[in-house]
file my_file01.cif (mmCIF, C-alpha atoms)
data_start
loop_
_atom_site.label_atom_id
_atom_site.label_comp_id
_atom_site.auth_asym_id
_atom_site.auth_seq_id
_atom_site.Cartn_x
_atom_site.Cartn_y
_atom_site.Cartn_z
CA MET A 9 11.31 16.85 -35.04
CA SER A 10 7.95 18.38 -35.92
CA GLN A 11 6.54 14.86 -36.19
CA ILE A 12 7.20 14.04 -32.58
CA ASN A 13 4.37 11.96 -31.15
CA ASN A 14 3.18 14.09 -28.26
CA ASP A 15 1.09 11.22 -26.93
CA LEU A 16 4.30 9.72 -25.52
CA VAL A 17 3.08 10.57 -22.03
CA ARG A 18 3.89 14.27 -22.72
CA LEU A 19 6.09 14.51 -19.69
CA PRO A 20 6.79 18.16 -18.92
CA LYS A 21 10.11 19.61 -17.92
CA ASP A 22 10.96 19.60 -14.27
CA THR A 23 9.99 23.27 -13.98
CA GLN A 24 6.47 22.41 -15.09
CA LEU A 25 6.17 19.84 -12.32
CA LEU A 26 7.04 22.30 -9.58
CA ARG A 27 4.16 23.25 -7.32
CA THR A 28 3.65 24.89 -3.97
CA SER A 29 1.08 23.22 -1.77
CA PRO A 30 -1.36 25.55 0.01
CA ILE A 31 -0.39 23.69 3.19
CA GLU A 32 3.21 24.92 2.85
CA LYS A 33 2.23 28.49 3.77
CA TYR A 34 0.48 27.55 7.00
CA ALA A 35 2.34 24.42 8.13
CA LYS A 36 4.04 24.84 11.49
CA VAL A 37 6.35 22.08 12.71
CA LYS A 38 5.27 20.75 16.11
CA ASN A 39 7.52 17.74 16.51
CA SER A 40 9.76 15.24 14.72
CA MET A 41 9.65 11.47 14.87
CA ASN A 42 11.68 8.56 13.56
CA LYS A 43 9.83 5.35 12.73
CA PRO A 44 11.13 2.12 11.16
CA TYR A 45 9.00 2.39 8.01
CA LEU A 46 8.78 6.15 7.36
CA GLY A 47 12.14 7.11 8.81
CA VAL A 48 12.42 10.71 9.99
CA PHE A 49 9.33 12.88 9.48
CA ASN A 50 7.83 16.04 10.95
CA ILE A 51 4.47 16.46 12.61
CA VAL A 52 2.97 19.76 11.47
CA GLU A 53 -0.18 21.73 12.15
CA ASP A 54 -1.96 23.50 9.32
CA GLU A 55 -2.69 26.81 11.05
CA SER A 56 -5.43 27.64 8.53
CA ASN A 57 -7.65 24.83 9.79
CA LYS A 58 -5.77 23.44 12.84
CA LYS A 59 -5.44 20.00 11.24
CA VAL A 60 -2.44 17.90 12.17
CA LEU A 61 -0.50 16.17 9.39
CA ILE A 62 2.84 14.47 8.97
CA VAL A 63 5.32 15.53 6.29
CA LYS A 64 8.00 13.36 4.76
CA GLU A 65 10.74 14.92 2.62
CA SER A 66 12.52 13.17 -0.27
CA THR A 67 15.35 14.64 -2.34
CA TYR A 68 16.32 13.79 -5.93
CA SER A 69 19.53 14.59 -7.74
CA SER A 70 18.30 13.78 -11.27
CA GLU A 71 15.42 15.20 -13.25
CA GLU A 72 14.23 11.72 -14.21
CA GLU A 73 13.88 10.58 -10.61
CA PHE A 74 12.09 13.81 -9.74
CA CYS A 75 9.63 13.43 -12.64
CA VAL A 76 8.77 9.87 -11.62
CA ALA A 77 8.31 10.88 -7.98
CA VAL A 78 5.98 13.77 -8.83
CA LEU A 79 3.90 11.73 -11.28
CA ALA A 80 3.54 9.03 -8.64
CA ALA A 81 2.55 11.65 -6.05
CA GLN A 82 -0.11 13.03 -8.39
CA ARG A 83 -1.73 9.63 -8.62
CA LYS A 84 -1.31 8.81 -4.93
CA LYS A 85 -3.04 12.08 -4.05
CA ALA A 86 -6.14 10.83 -5.86
CA LEU A 87 -6.38 7.69 -3.70
CA ARG A 88 -8.91 7.99 -0.91
CA ASP A 89 -9.67 4.88 1.10
CA VAL A 90 -10.40 4.40 4.78
CA GLY A 91 -7.75 1.67 4.80
CA LEU A 92 -4.96 3.98 3.57
CA LEU A 93 -2.95 6.61 5.40
CA TRP A 94 -3.51 8.69 2.33
CA LEU A 95 -1.49 11.49 0.78
CA VAL A 96 -3.29 14.78 1.50
CA ASP A 97 -1.06 16.93 -0.71
CA TYR A 98 2.50 17.34 -1.92
CA ASN A 99 4.96 20.15 -2.53
CA ALA A 100 7.58 19.95 -5.31
CA GLU A 101 10.47 22.40 -5.50
CA LYS A 102 13.85 22.89 -7.12
CA ILE A 103 16.66 24.12 -4.88
CA ASN A 104 19.61 25.87 -6.49
CA ASN A 105 22.90 26.05 -4.65
CA PHE A 106 26.06 27.84 -5.71
CA CYS A 107 27.55 24.79 -7.42
CA SER A 108 24.63 22.45 -7.87
CA SER A 109 20.89 22.00 -7.74
CA PHE A 110 18.51 19.28 -6.60
CA HIS A 111 14.79 18.64 -6.28
CA LYS A 112 12.74 18.08 -3.17
CA VAL A 113 9.27 16.59 -2.75
CA LYS A 114 7.36 17.06 0.50
CA SER A 115 4.54 14.57 1.06
CA TYR A 116 1.78 15.53 3.49
CA TYR A 117 -0.03 12.54 4.98
CA LEU A 118 -2.77 11.98 7.52
CA PRO A 119 -1.39 11.97 11.09
CA HIS A 120 0.46 8.89 12.32
CA TYR A 121 1.63 8.21 15.88
CA GLN A 122 1.49 4.45 16.44
CA ASP A 123 2.22 1.46 14.23
CA LEU A 124 1.17 -2.15 14.68
CA ARG A 125 4.64 -3.19 15.85
CA MET A 126 4.49 -0.72 18.76
CA LEU A 127 0.98 -1.86 19.63
CA MET A 128 1.93 -5.55 19.55
CA ARG A 129 4.77 -4.93 21.97
CA ASP A 130 2.45 -2.98 24.26
CA ARG A 131 -0.19 -5.72 24.13
CA GLU A 132 2.41 -8.40 24.84
CA ALA A 133 3.71 -6.49 27.86
CA LYS A 134 0.17 -6.11 29.20
CA ASN A 135 -0.85 -9.65 28.21
CA THR A 136 -3.86 -8.34 26.26
CA PRO A 137 -4.06 -10.10 22.88
CA PHE A 138 -5.92 -8.64 19.92
CA SER A 139 -9.60 -9.48 19.96
CA GLU A 140 -11.41 -11.18 17.11
CA GLN A 141 -13.23 -7.90 16.46
CA GLU A 142 -9.98 -5.91 16.21
CA LEU A 143 -8.47 -8.45 13.82
CA THR A 144 -11.62 -8.46 11.67
CA PHE A 145 -11.60 -4.70 11.23
CA MET A 146 -7.85 -4.75 10.60
CA LEU A 147 -8.35 -7.39 7.90
CA PHE A 148 -11.22 -5.48 6.33
CA HIS A 149 -9.59 -2.04 6.18
CA LEU A 150 -6.07 -3.18 5.26
CA THR A 151 -7.41 -5.36 2.46
CA SER A 152 -9.42 -2.41 1.19
CA GLY A 153 -6.39 -0.11 1.29
CA LEU A 154 -4.13 -2.64 -0.44
CA ALA A 155 -6.76 -3.34 -3.10
CA THR A 156 -6.99 0.40 -3.79
CA LEU A 157 -3.22 0.54 -4.29
CA HIS A 158 -3.23 -2.46 -6.59
CA MET A 159 -6.10 -1.21 -8.72
CA SER A 160 -4.19 2.06 -9.16
CA GLY A 161 -1.09 0.30 -10.48
CA PHE A 162 0.98 0.45 -7.28
CA THR A 163 2.39 -2.44 -5.29
CA HIS A 164 3.57 -1.97 -1.72
CA LYS A 165 6.57 -4.36 -1.63
CA LEU A 166 7.24 -3.92 2.10
CA ILE A 167 4.17 -4.86 4.13
CA SER A 168 4.99 -5.53 7.78
CA PRO A 169 3.67 -4.42 11.20
CA GLU A 170 5.81 -1.25 10.93
CA CYS A 171 3.84 0.04 7.94
CA ILE A 172 0.38 -0.40 9.49
CA ASP A 173 -0.98 2.64 11.29
CA THR A 174 -2.99 1.77 14.41
CA THR A 175 -3.34 5.32 15.74
CA ASN A 176 -7.12 5.05 15.45
CA LEU A 177 -7.62 1.35 16.17
CA GLN A 178 -9.80 2.18 19.18
CA ASN A 179 -12.30 3.41 16.58
CA ARG A 180 -11.91 0.15 14.63
CA VAL A 181 -9.73 1.63 11.86
CA ALA A 182 -6.28 0.45 10.78
CA LYS A 183 -4.51 2.09 7.84
CA LEU A 184 -1.84 0.91 5.45
CA MET A 185 1.05 3.37 5.14
CA PHE A 186 2.56 3.66 1.68
CA HIS A 187 5.57 5.87 1.08
CA GLN A 188 8.50 5.16 -1.19
CA ASP A 189 11.26 7.63 -1.96
CA ASP A 190 11.71 5.69 -5.19
CA PRO A 191 8.29 4.53 -6.48
CA LEU A 192 10.06 2.32 -9.04
CA ALA A 193 12.18 0.49 -6.47
CA ASP A 194 12.68 -3.11 -7.54
CA VAL A 195 10.96 -5.67 -5.33
CA LYS A 196 13.96 -7.99 -5.59
CA GLY A 197 16.33 -5.34 -4.27
CA ILE A 198 13.96 -4.41 -1.45
CA ALA A 199 13.58 -8.06 -0.39
CA TYR A 200 17.34 -8.65 -0.57
CA ASN A 201 18.06 -5.61 1.62
CA GLN A 202 15.55 -6.77 4.22
CA ILE A 203 17.20 -10.18 4.39
CA GLN A 204 20.78 -8.87 4.50
CA LYS A 205 19.98 -6.29 7.19
CA GLN A 206 18.57 -9.05 9.39
CA LYS A 207 15.14 -7.40 9.53
CA GLU A 208 12.09 -9.33 10.65
CA LEU A 209 10.68 -10.90 7.50
CA TYR A 210 7.13 -11.22 6.19
CA LEU A 211 8.18 -12.21 2.67
CA ALA A 212 6.45 -14.74 0.46
CA PRO A 213 8.40 -18.01 0.21
CA GLU A 214 8.76 -17.83 -3.58
CA ILE A 215 11.00 -14.75 -3.27
CA PHE A 216 12.70 -15.63 0.04
CA THR A 217 13.91 -19.02 -1.25
CA ARG A 218 15.51 -17.28 -4.26
CA THR A 219 17.59 -14.91 -2.12
CA SER A 220 20.91 -16.01 -3.61
CA GLU A 221 19.62 -15.17 -7.11
CA LEU A 222 17.87 -11.87 -6.43
CA LEU A 223 20.73 -9.58 -7.45
CA LYS A 224 22.19 -11.67 -10.27
CA PRO A 225 21.63 -9.62 -13.45
CA LYS A 226 21.73 -12.64 -15.74
CA THR A 227 19.08 -14.52 -13.78
CA PRO A 228 15.63 -13.35 -14.91
CA LEU A 229 13.21 -13.64 -12.00
CA TYR A 230 9.59 -12.64 -12.26
CA PHE A 231 7.18 -12.43 -9.35
CA ASP A 232 3.53 -11.50 -9.10
CA GLU A 233 3.98 -8.50 -6.81
CA ARG A 234 0.30 -8.45 -5.88
CA LYS A 235 0.59 -12.00 -4.58
CA LEU A 236 3.79 -11.04 -2.71
CA ASP A 237 1.89 -8.22 -1.01
CA ALA A 238 -0.98 -10.57 -0.17
CA PHE A 239 1.31 -13.07 1.57
CA SER A 240 3.06 -10.31 3.55
CA LEU A 241 -0.33 -8.99 4.71
CA GLY A 242 -1.33 -12.51 5.72
CA MET A 243 1.87 -13.05 7.73
CA THR A 244 1.38 -9.71 9.49
CA LEU A 245 -2.20 -10.56 10.47
CA LEU A 246 -1.13 -14.08 11.47
CA GLN A 247 1.45 -12.73 13.93
CA ALA A 248 -1.05 -10.23 15.39
CA GLY A 249 -3.64 -13.00 15.70
CA ILE A 250 -1.52 -15.59 17.50
CA GLY A 251 0.43 -13.09 19.58
CA LYS A 252 3.86 -14.57 18.84
CA SER A 253 6.62 -14.18 16.28
CA VAL A 254 6.45 -15.96 12.93
CA GLN A 255 10.18 -15.56 12.22
CA ASP A 256 10.79 -19.28 12.74
CA CYS A 257 9.33 -19.77 9.25
CA TYR A 258 12.45 -18.16 7.76
CA ASP A 259 15.83 -19.87 7.88
CA LYS A 260 18.13 -16.96 7.04
CA ARG A 261 21.17 -19.22 6.79
CA THR A 262 19.89 -21.63 4.16
CA PHE A 263 17.10 -19.42 2.76
CA LYS A 264 14.59 -22.20 3.21
CA PHE A 265 11.00 -21.54 4.17
CA ASN A 266 9.66 -23.80 6.92
CA GLU A 267 6.22 -24.89 5.72
CA ASP A 268 5.60 -26.97 8.85
CA LYS A 269 6.08 -23.93 11.10
CA LEU A 270 3.65 -21.93 8.97
CA ALA A 271 1.10 -24.74 9.17
CA SER A 272 1.52 -24.85 12.95
CA HIS A 273 0.98 -21.08 13.26
CA LEU A 274 -2.07 -21.27 10.98
CA ASP A 275 -3.57 -24.07 13.10
CA ALA A 276 -3.08 -21.94 16.20
CA PHE A 277 -4.73 -18.96 14.49
CA ILE A 278 -7.70 -21.01 13.30
CA ASN A 279 -8.20 -22.68 16.67
CA LYS A 280 -8.06 -19.34 18.45
CA HIS A 281 -10.48 -17.54 16.10
CA GLN A 282 -12.60 -20.41 14.80
CA SER A 283 -15.84 -18.61 15.67
CA ASN A 284 -15.13 -16.20 12.78
CA GLN A 285 -14.75 -18.26 9.66
CA MET A 286 -14.48 -15.19 7.45
CA LEU A 287 -11.35 -14.13 9.34
CA THR A 288 -9.70 -17.56 9.35
CA ASP A 289 -10.57 -18.28 5.72
CA ALA A 290 -9.13 -14.93 4.62
CA VAL A 291 -5.79 -15.40 6.38
CA GLU A 292 -5.55 -18.96 5.09
CA LYS A 293 -6.18 -17.82 1.51
CA LEU A 294 -3.63 -15.00 1.80
CA LEU A 295 -1.00 -17.49 3.03
CA SER A 296 -1.46 -20.18 0.39
CA LEU A 297 1.95 -21.51 -0.62
CA ASP A 298 0.62 -22.20 -4.11
CA THR A 299 0.67 -18.82 -5.83
CA ALA A 300 -2.04 -19.95 -8.22
CA GLU A 301 -4.33 -20.59 -5.25
CA ARG A 302 -3.28 -17.55 -3.22
CA ILE A 303 -5.83 -14.77 -3.34
CA ASP A 304 -4.80 -11.15 -3.88
CA ALA A 305 -6.28 -8.12 -2.16
CA VAL A 306 -8.70 -7.26 -4.97
CA GLY A 307 -10.07 -10.80 -5.08
CA LEU A 308 -10.37 -10.98 -1.30
CA GLN A 309 -12.14 -7.64 -1.11
CA GLU A 310 -14.77 -8.85 -3.57
CA MET A 311 -15.64 -11.71 -1.20
CA PHE A 312 -16.15 -9.55 1.87
CA PRO A 313 -19.56 -8.49 3.14
CA ARG A 314 -20.44 -4.82 3.40
CA ILE A 315 -19.00 -2.84 6.29
CA GLU A 316 -22.55 -2.42 7.65
CA GLU A 317 -22.84 -6.17 8.09
CA ILE A 318 -19.66 -6.32 10.15
CA TYR A 319 -20.80 -3.51 12.42
CA SER A 320 -24.18 -5.18 12.73
CA TYR A 321 -22.58 -8.53 13.60
CA TYR A 322 -20.67 -6.94 16.47
CA GLU A 323 -23.80 -5.01 17.49
CA ILE A 324 -22.10 -1.64 17.15
CA PRO A 325 -24.67 1.21 17.08
CA ALA A 326 -25.13 2.82 13.66
CA LEU A 327 -24.44 6.33 14.96
CA CYS A 328 -21.05 5.09 16.15
CA TRP A 329 -19.78 4.32 12.68
CA ARG A 330 -21.73 6.25 10.06
CA ARG A 331 -19.70 9.40 10.67
CA LYS A 332 -16.40 7.54 10.49
CA SER A 333 -16.90 4.93 7.78
CA THR A 334 -18.42 4.56 4.39
CA SER A 335 -19.61 1.45 2.61
CA LEU A 336 -16.29 0.25 1.31
CA GLN A 337 -17.63 -2.89 -0.28
CA PRO A 338 -20.24 -3.71 -2.92
CA SER A 339 -23.70 -4.33 -1.51
CA ARG A 340 -24.93 -7.91 -1.29
CA SER A 341 -28.48 -8.92 -1.99
CA ASP A 342 -28.38 -11.28 0.99
CA THR A 343 -27.62 -9.25 4.10
CA SER A 344 -28.56 -12.01 6.53
CA HIS A 345 -25.05 -13.53 6.51
CA ARG A 346 -23.13 -13.38 9.74
CA LEU A 347 -19.39 -13.75 10.18
CA LYS A 348 -19.83 -16.79 12.42
CA GLY A 349 -19.52 -19.87 10.28
CA ARG A 350 -19.31 -17.86 7.09
CA SER A 351 -16.78 -19.05 4.56
CA LEU A 352 -15.36 -16.86 1.82
CA THR A 353 -16.82 -18.05 -1.45
CA ARG A 354 -17.37 -16.05 -4.59
CA THR A 355 -20.91 -14.97 -5.30
CA SER A 356 -22.40 -15.44 -8.73
CA ALA A 357 -24.13 -12.06 -8.84
CA PRO A 358 -24.61 -10.61 -12.32
CA GLN A 359 -21.92 -8.19 -13.52
CA GLU A 360 -24.49 -5.43 -13.92
CA ALA A 361 -25.50 -5.62 -10.26
CA SER A 362 -21.85 -5.54 -9.19
CA SER A 363 -21.19 -2.49 -11.34
CA LYS A 364 -24.13 -0.63 -9.84
CA ALA A 365 -22.92 -1.46 -6.35
CA ASP A 366 -19.45 -0.20 -7.20
CA ARG A 367 -20.92 3.07 -8.50
CA ARG A 368 -22.72 3.49 -5.19
CA ARG A 369 -19.39 2.96 -3.50
CA GLY A 370 -17.96 5.85 -5.49
CA THR A 371 -15.32 3.87 -7.41
CA LEU A 372 -16.14 1.74 -10.41
CA ARG A 373 -13.98 -1.32 -9.99
CA PRO A 374 -12.73 -2.85 -13.25
CA SER A 375 -13.31 -6.54 -13.77
CA SER A 376 -10.45 -8.90 -12.99
CA THR A 377 -9.50 -9.09 -16.66
CA GLU A 378 -9.35 -5.31 -16.93
CA VAL A 379 -7.28 -4.48 -13.87
CA HIS A 380 -3.90 -4.57 -15.58
CA SER A 381 -4.98 -2.73 -18.73
CA SER A 382 -6.81 0.05 -16.92
CA SER A 383 -4.24 0.57 -14.16
CA PHE A 384 -1.59 3.24 -14.14
CA GLN A 385 1.53 1.14 -14.63
CA LEU A 386 4.45 2.63 -12.73
CA SER A 387 6.80 0.21 -14.43
CA HIS A 388 6.39 2.19 -17.67
CA LEU A 389 7.30 5.55 -16.17
CA LYS A 390 11.06 5.23 -16.14
CA SER A 391 11.34 4.34 -19.83
CA GLU A 392 8.86 7.09 -20.70
CA VAL A 393 10.84 9.69 -18.76
CA LYS A 394 14.04 8.61 -20.47
CA ALA A 395 12.38 8.69 -23.89
CA CYS A 396 11.12 12.22 -23.32
CA THR A 397 14.53 13.29 -22.05
CA LYS A 398 16.09 12.05 -25.30
CA VAL A 399 13.46 13.95 -27.29
CA ARG A 400 14.28 17.15 -25.44
CA GLN A 401 18.01 16.66 -26.03
CA ALA A 402 17.37 16.08 -29.73
CA VAL A 403 15.23 19.22 -29.93
CA HIS A 404 17.92 21.26 -28.21
CA SER A 405 20.58 20.01 -30.63
CA SER A 406 18.49 20.50 -33.80
CA PRO A 407 19.14 23.87 -35.54
CA GLY A 408 16.17 26.16 -35.93
CA THR A 409 13.91 24.29 -33.54
CA SER A 410 12.28 25.47 -30.37
CA SER A 411 13.70 24.28 -27.06
CA ARG A 412 10.24 23.37 -25.83
CA VAL A 413 8.33 20.22 -26.80
CA ASP A 414 4.61 20.86 -26.81
#
call {"tool": "encode", "arguments": {"input": "my_file01.cif", "output": "structure tokens"}}
result
Amino acid sequence: MSQINNDLVRLPKDTQLLRTSPIEKYAKVKNSMNKPYLGVFNIVEDESNKKVLIVKESTYSSEEEFCVAVLAAQRKKALRDVGLLWLVDYNAEKINNFCSSFHKVKSYYLPHYQDLRMLMRDREAKNTPFSEQELTFMLFHLTSGLATLHMSGFTHKLISPECIDTTNLQNRVAKLMFHQDDPLADVKGIAYNQIQKQKELYLAPEIFTRTSELLKPKTPLYFDERKLDAFSLGMTLLQAGIGKSVQDCYDKRTFKFNEDKLASHLDAFINKHQSNQMLTDAVEKLLSLDTAERIDAVGLQEMFPRIEEIYSYYEIPALCWRRKSTSLQPSRSDTSHRLKGRSLTRTSAPQEASSKADRRRGTLRPSSTEVHSSSFQLSHLKSEVKACTKVRQAVHSSPGTSSRVD
């Protein structure tokens, strides 16, 4: 066993993953809420700095599940994007009872009070549809947040109005919420559960039309999860933009996707917001039925102008946004473009210029051919945890060897 390859993701024992967040000492529960996406969570105040956060608790009965959850939390904690309701910190503990023990992970997120579903209902009741400006900033920030997730190896799998935070939409910011008790949850199982529970659907047609096959173990089904996320984001924005449900696209009895209904909704969206071609082009590209033609969040983000250009187009004073926003997108040499009449087409700027712009942004974006190889791939974690567990068991059973794998 002395020849063990320690580069096998050197996963520590569960005790080495335990940590106490500094927030834990000062967090005082103010209220509890129950939302469709997050479920039950507490609203807490950090008494050391008076900041309000939300905390979501997840419990794990096995060491493997706990290891995966903590490793995912470590990487999520590093994600900072204006378009994400990001993870501020996490607390990982082991709780021992008289007869058993289990693990608990507390995730501390930025505050959340209102989701897009709540806001849509409120707007419908007041007959005040979303403005072109609101939809544009939603598109911009949510695409940025989703692209950040994808470039970090995560996929969301459950984008809908319930997982979009609109608490701060009056300041032109919408955030994508991303919390999964099981970060390795299978997209097929998640989609199947949504369909069987009669939830409102925002699924891509390529997975919805295969509903009857999703849980068959002998039927290998492979989906591009980034493209699935892109379509769900497009359907969510489409519904917000036209102010009416898009559920008539999904026949839950025959599992057929109604392409004519989608085309009708898209026409309504384009006619309503035709003055902003960037907005209409983006939604149309996200909702392409041909997966080869459908754009993902990373590709769409690369086509966007800088955030400064959008604020300038809507004539929002600089002092109003510089404190709240950063330049989320690479700089363009041509800043004269306006959103009116602007189509989304790829620029042919040299790679060197793009790299410099990304460094100014604070995150060096890998090229499209490097995204998969440089990303943290969650799909590998489970097998790695199991492999390390077997190594530990072998070490324990070998005479004369240490019980610790270094």
call {"tool": "resolve_selection", "arguments": {"input": "my_file01.cif", "expression": "the PyMOL selection byres ((chain A and resi 293) around 10)", "output": "list in words"}}
result
Ala238, Phe239, Gly242, Thr288, Asp289, Ala290, Val291, Glu292, Leu294, Leu295, Ser296, Leu297, Asp298, Glu301, Arg302, Ile303, Asp304, Leu308 and Leu352 of chain A
call {"tool": "resolve_selection", "arguments": {"input": "my_file01.cif", "expression": "the PyMOL selection byres ((chain A and resi 93) around 9)", "output": "list in words"}}
result
Arg88, Asp89, Val90, Gly91, Leu92, Trp94, Leu95, Tyr117, Leu118, Pro119, His120, Gly153, Ile172, Asp173, Ala182, Lys183, Leu184, Met185 and Phe186 of chain A
call {"tool": "resolve_selection", "arguments": {"input": "my_file01.cif", "expression": "the PyMOL selection byres ((chain A and resi 278) around 12)", "output": "JSON list (two decimals) with C-alpha atoms, in the frame of the given file"}}
result
[["chain", "number", "residue", "atom", "x", "y", "z"],
["A", 140, "GLU", "CA", -11.41, -11.18, 17.11],
["A", 246, "LEU", "CA", -1.13, -14.08, 11.47],
["A", 249, "GLY", "CA", -3.64, -13.00, 15.70],
["A", 250, "ILE", "CA", -1.52, -15.59, 17.50],
["A", 271, "ALA", "CA", 1.10, -24.74, 9.17],
["A", 272, "SER", "CA", 1.52, -24.85, 12.95],
["A", 273, "HIS", "CA", 0.98, -21.08, 13.26],
["A", 274, "LEU", "CA", -2.07, -21.27, 10.98],
["A", 275, "ASP", "CA", -3.57, -24.07, 13.10],
["A", 276, "ALA", "CA", -3.08, -21.94, 16.20],
["A", 277, "PHE", "CA", -4.73, -18.96, 14.49],
["A", 279, "ASN", "CA", -8.20, -22.68, 16.67],
["A", 280, "LYS", "CA", -8.06, -19.34, 18.45],
["A", 281, "HIS", "CA", -10.48, -17.54, 16.10],
["A", 282, "GLN", "CA", -12.60, -20.41, 14.80],
["A", 283, "SER", "CA", -15.84, -18.61, 15.67],
["A", 284, "ASN", "CA", -15.13, -16.20, 12.78],
["A", 285, "GLN", "CA", -14.75, -18.26, 9.66],
["A", 286, "MET", "CA", -14.48, -15.19, 7.45],
["A", 287, "LEU", "CA", -11.35, -14.13, 9.34],
["A", 288, "THR", "CA", -9.70, -17.56, 9.35],
["A", 289, "ASP", "CA", -10.57, -18.28, 5.72],
["A", 290, "ALA", "CA", -9.13, -14.93, 4.62],
["A", 291, "VAL", "CA", -5.79, -15.40, 6.38],
["A", 292, "GLU", "CA", -5.55, -18.96, 5.09]]
call {"tool": "closest_residue", "arguments": {"input": "my_file01.cif", "among": "A:Leu25, A:Val63, A:Val306, A:Leu127", "to": "A:Arg234", "atoms": "only C-alpha atoms"}}
result
A:Val306
call {"tool": "residues_around", "arguments": {"input": "my_file01.cif", "residues": "stretch 223-230 of chain A", "least_positions_apart": "6", "cutoff": "9 Å", "atoms": "all atoms listed in the file", "output": "MDAnalysis selection string"}}
result
chainID A and resid 196:197 200
call {"tool": "atom_distance", "arguments": {"input": "my_file01.cif", "atom1": "atom CA of A:Ser152", "atom2": "atom CA of A:Glu310"}}
result
9.6 Å
call {"tool": "residues_around", "arguments": {"input": "my_file01.cif", "residues": "stretch 39-50 of chain A", "least_positions_apart": "6", "cutoff": "7 Å", "atoms": "all atoms listed in the file", "output": "short mmCIF file (atom, residue, chain, number, x, y, z; two decimals) with C-alpha atoms, in the frame of the given file"}}
result
data_model
loop_
_atom_site.label_atom_id
_atom_site.label_comp_id
_atom_site.auth_asym_id
_atom_site.auth_seq_id
_atom_site.Cartn_x
_atom_site.Cartn_y
_atom_site.Cartn_z
CA ILE A 62 2.84 14.47 8.97
CA VAL A 63 5.32 15.53 6.29
CA LYS A 64 8.00 13.36 4.76
CA GLU A 170 5.81 -1.25 10.93
CA CYS A 171 3.84 0.04 7.94
#
call {"tool": "atom_distance", "arguments": {"input": "my_file01.cif", "atom1": "atom CA of A:Phe263", "atom2": "atom CA of A:Ile203"}}
result
9.4 Å
call {"tool": "residues_around", "arguments": {"input": "my_file01.cif", "residues": "A:Leu211", "least_positions_apart": "2", "cutoff": "8 Å", "atoms": "all atoms listed in the file", "output": "count of residues only"}}
result
8
call {"tool": "closest_residue", "arguments": {"input": "my_file01.cif", "among": "A:Tyr98, A:Tyr258, A:Tyr210, A:Phe138", "to": "A:Glu32", "atoms": "all atoms listed in the file"}}
result
A:Tyr98
call {"tool": "residues_around", "arguments": {"input": "my_file01.cif", "residues": "A:Leu26", "least_positions_apart": "5", "cutoff": "8 Å", "atoms": "only C-alpha atoms", "output": "ChimeraX atom specification"}}
result
/A:99-102
call {"tool": "residues_around", "arguments": {"input": "my_file01.cif", "residues": "stretch 178-181 of chain A", "least_positions_apart": "6", "cutoff": "12 Å", "atoms": "all atoms listed in the file", "output": "VMD selection string"}}
result
chain A and resid 89 to 93 122 124 127 138 to 153 172 315 318 to 319 322 324 328 to 334
call {"tool": "write_last_selection", "arguments": {"input": "my_file01.cif", "atoms": "C-alpha atoms", "output": "mmCIF file, in the coordinates of the input"}}
result
data_model
loop_
_atom_site.group_PDB
_atom_site.id
_atom_site.type_symbol
_atom_site.label_atom_id
_atom_site.label_comp_id
_atom_site.auth_asym_id
_atom_site.auth_seq_id
_atom_site.Cartn_x
_atom_site.Cartn_y
_atom_site.Cartn_z
ATOM 1 C CA ASP A 89 -9.670 4.880 1.100
ATOM 2 C CA VAL A 90 -10.400 4.400 4.780
ATOM 3 C CA GLY A 91 -7.750 1.670 4.800
ATOM 4 C CA LEU A 92 -4.960 3.980 3.570
ATOM 5 C CA LEU A 93 -2.950 6.610 5.400
ATOM 6 C CA GLN A 122 1.490 4.450 16.440
ATOM 7 C CA LEU A 124 1.170 -2.150 14.680
ATOM 8 C CA LEU A 127 0.980 -1.860 19.630
ATOM 9 C CA PHE A 138 -5.920 -8.640 19.920
ATOM 10 C CA SER A 139 -9.600 -9.480 19.960
ATOM 11 C CA GLU A 140 -11.410 -11.180 17.110
ATOM 12 C CA GLN A 141 -13.230 -7.900 16.460
ATOM 13 C CA GLU A 142 -9.980 -5.910 16.210
ATOM 14 C CA LEU A 143 -8.470 -8.450 13.820
ATOM 15 C CA THR A 144 -11.620 -8.460 11.670
ATOM 16 C CA PHE A 145 -11.600 -4.700 11.230
ATOM 17 C CA MET A 146 -7.850 -4.750 10.600
ATOM 18 C CA LEU A 147 -8.350 -7.390 7.900
ATOM 19 C CA PHE A 148 -11.220 -5.480 6.330
ATOM 20 C CA HIS A 149 -9.590 -2.040 6.180
ATOM 21 C CA LEU A 150 -6.070 -3.180 5.260
ATOM 22 C CA THR A 151 -7.410 -5.360 2.460
ATOM 23 C CA SER A 152 -9.420 -2.410 1.190
ATOM 24 C CA GLY A 153 -6.390 -0.110 1.290
ATOM 25 C CA ILE A 172 0.380 -0.400 9.490
ATOM 26 C CA ILE A 315 -19.000 -2.840 6.290
ATOM 27 C CA ILE A 318 -19.660 -6.320 10.150
ATOM 28 C CA TYR A 319 -20.800 -3.510 12.420
ATOM 29 C CA TYR A 322 -20.670 -6.940 16.470
ATOM 30 C CA ILE A 324 -22.100 -1.640 17.150
ATOM 31 C CA CYS A 328 -21.050 5.090 16.150
ATOM 32 C CA TRP A 329 -19.780 4.320 12.680
ATOM 33 C CA ARG A 330 -21.730 6.250 10.060
ATOM 34 C CA ARG A 331 -19.700 9.400 10.670
ATOM 35 C CA LYS A 332 -16.400 7.540 10.490
ATOM 36 C CA SER A 333 -16.900 4.930 7.780
ATOM 37 C CA THR A 334 -18.420 4.560 4.390
#
call {"tool": "atom_distance", "arguments": {"input": "my_file01.cif", "atom1": "atom CA of A:Thr262", "atom2": "atom CA of A:Glu214"}}
result
14.1 Å
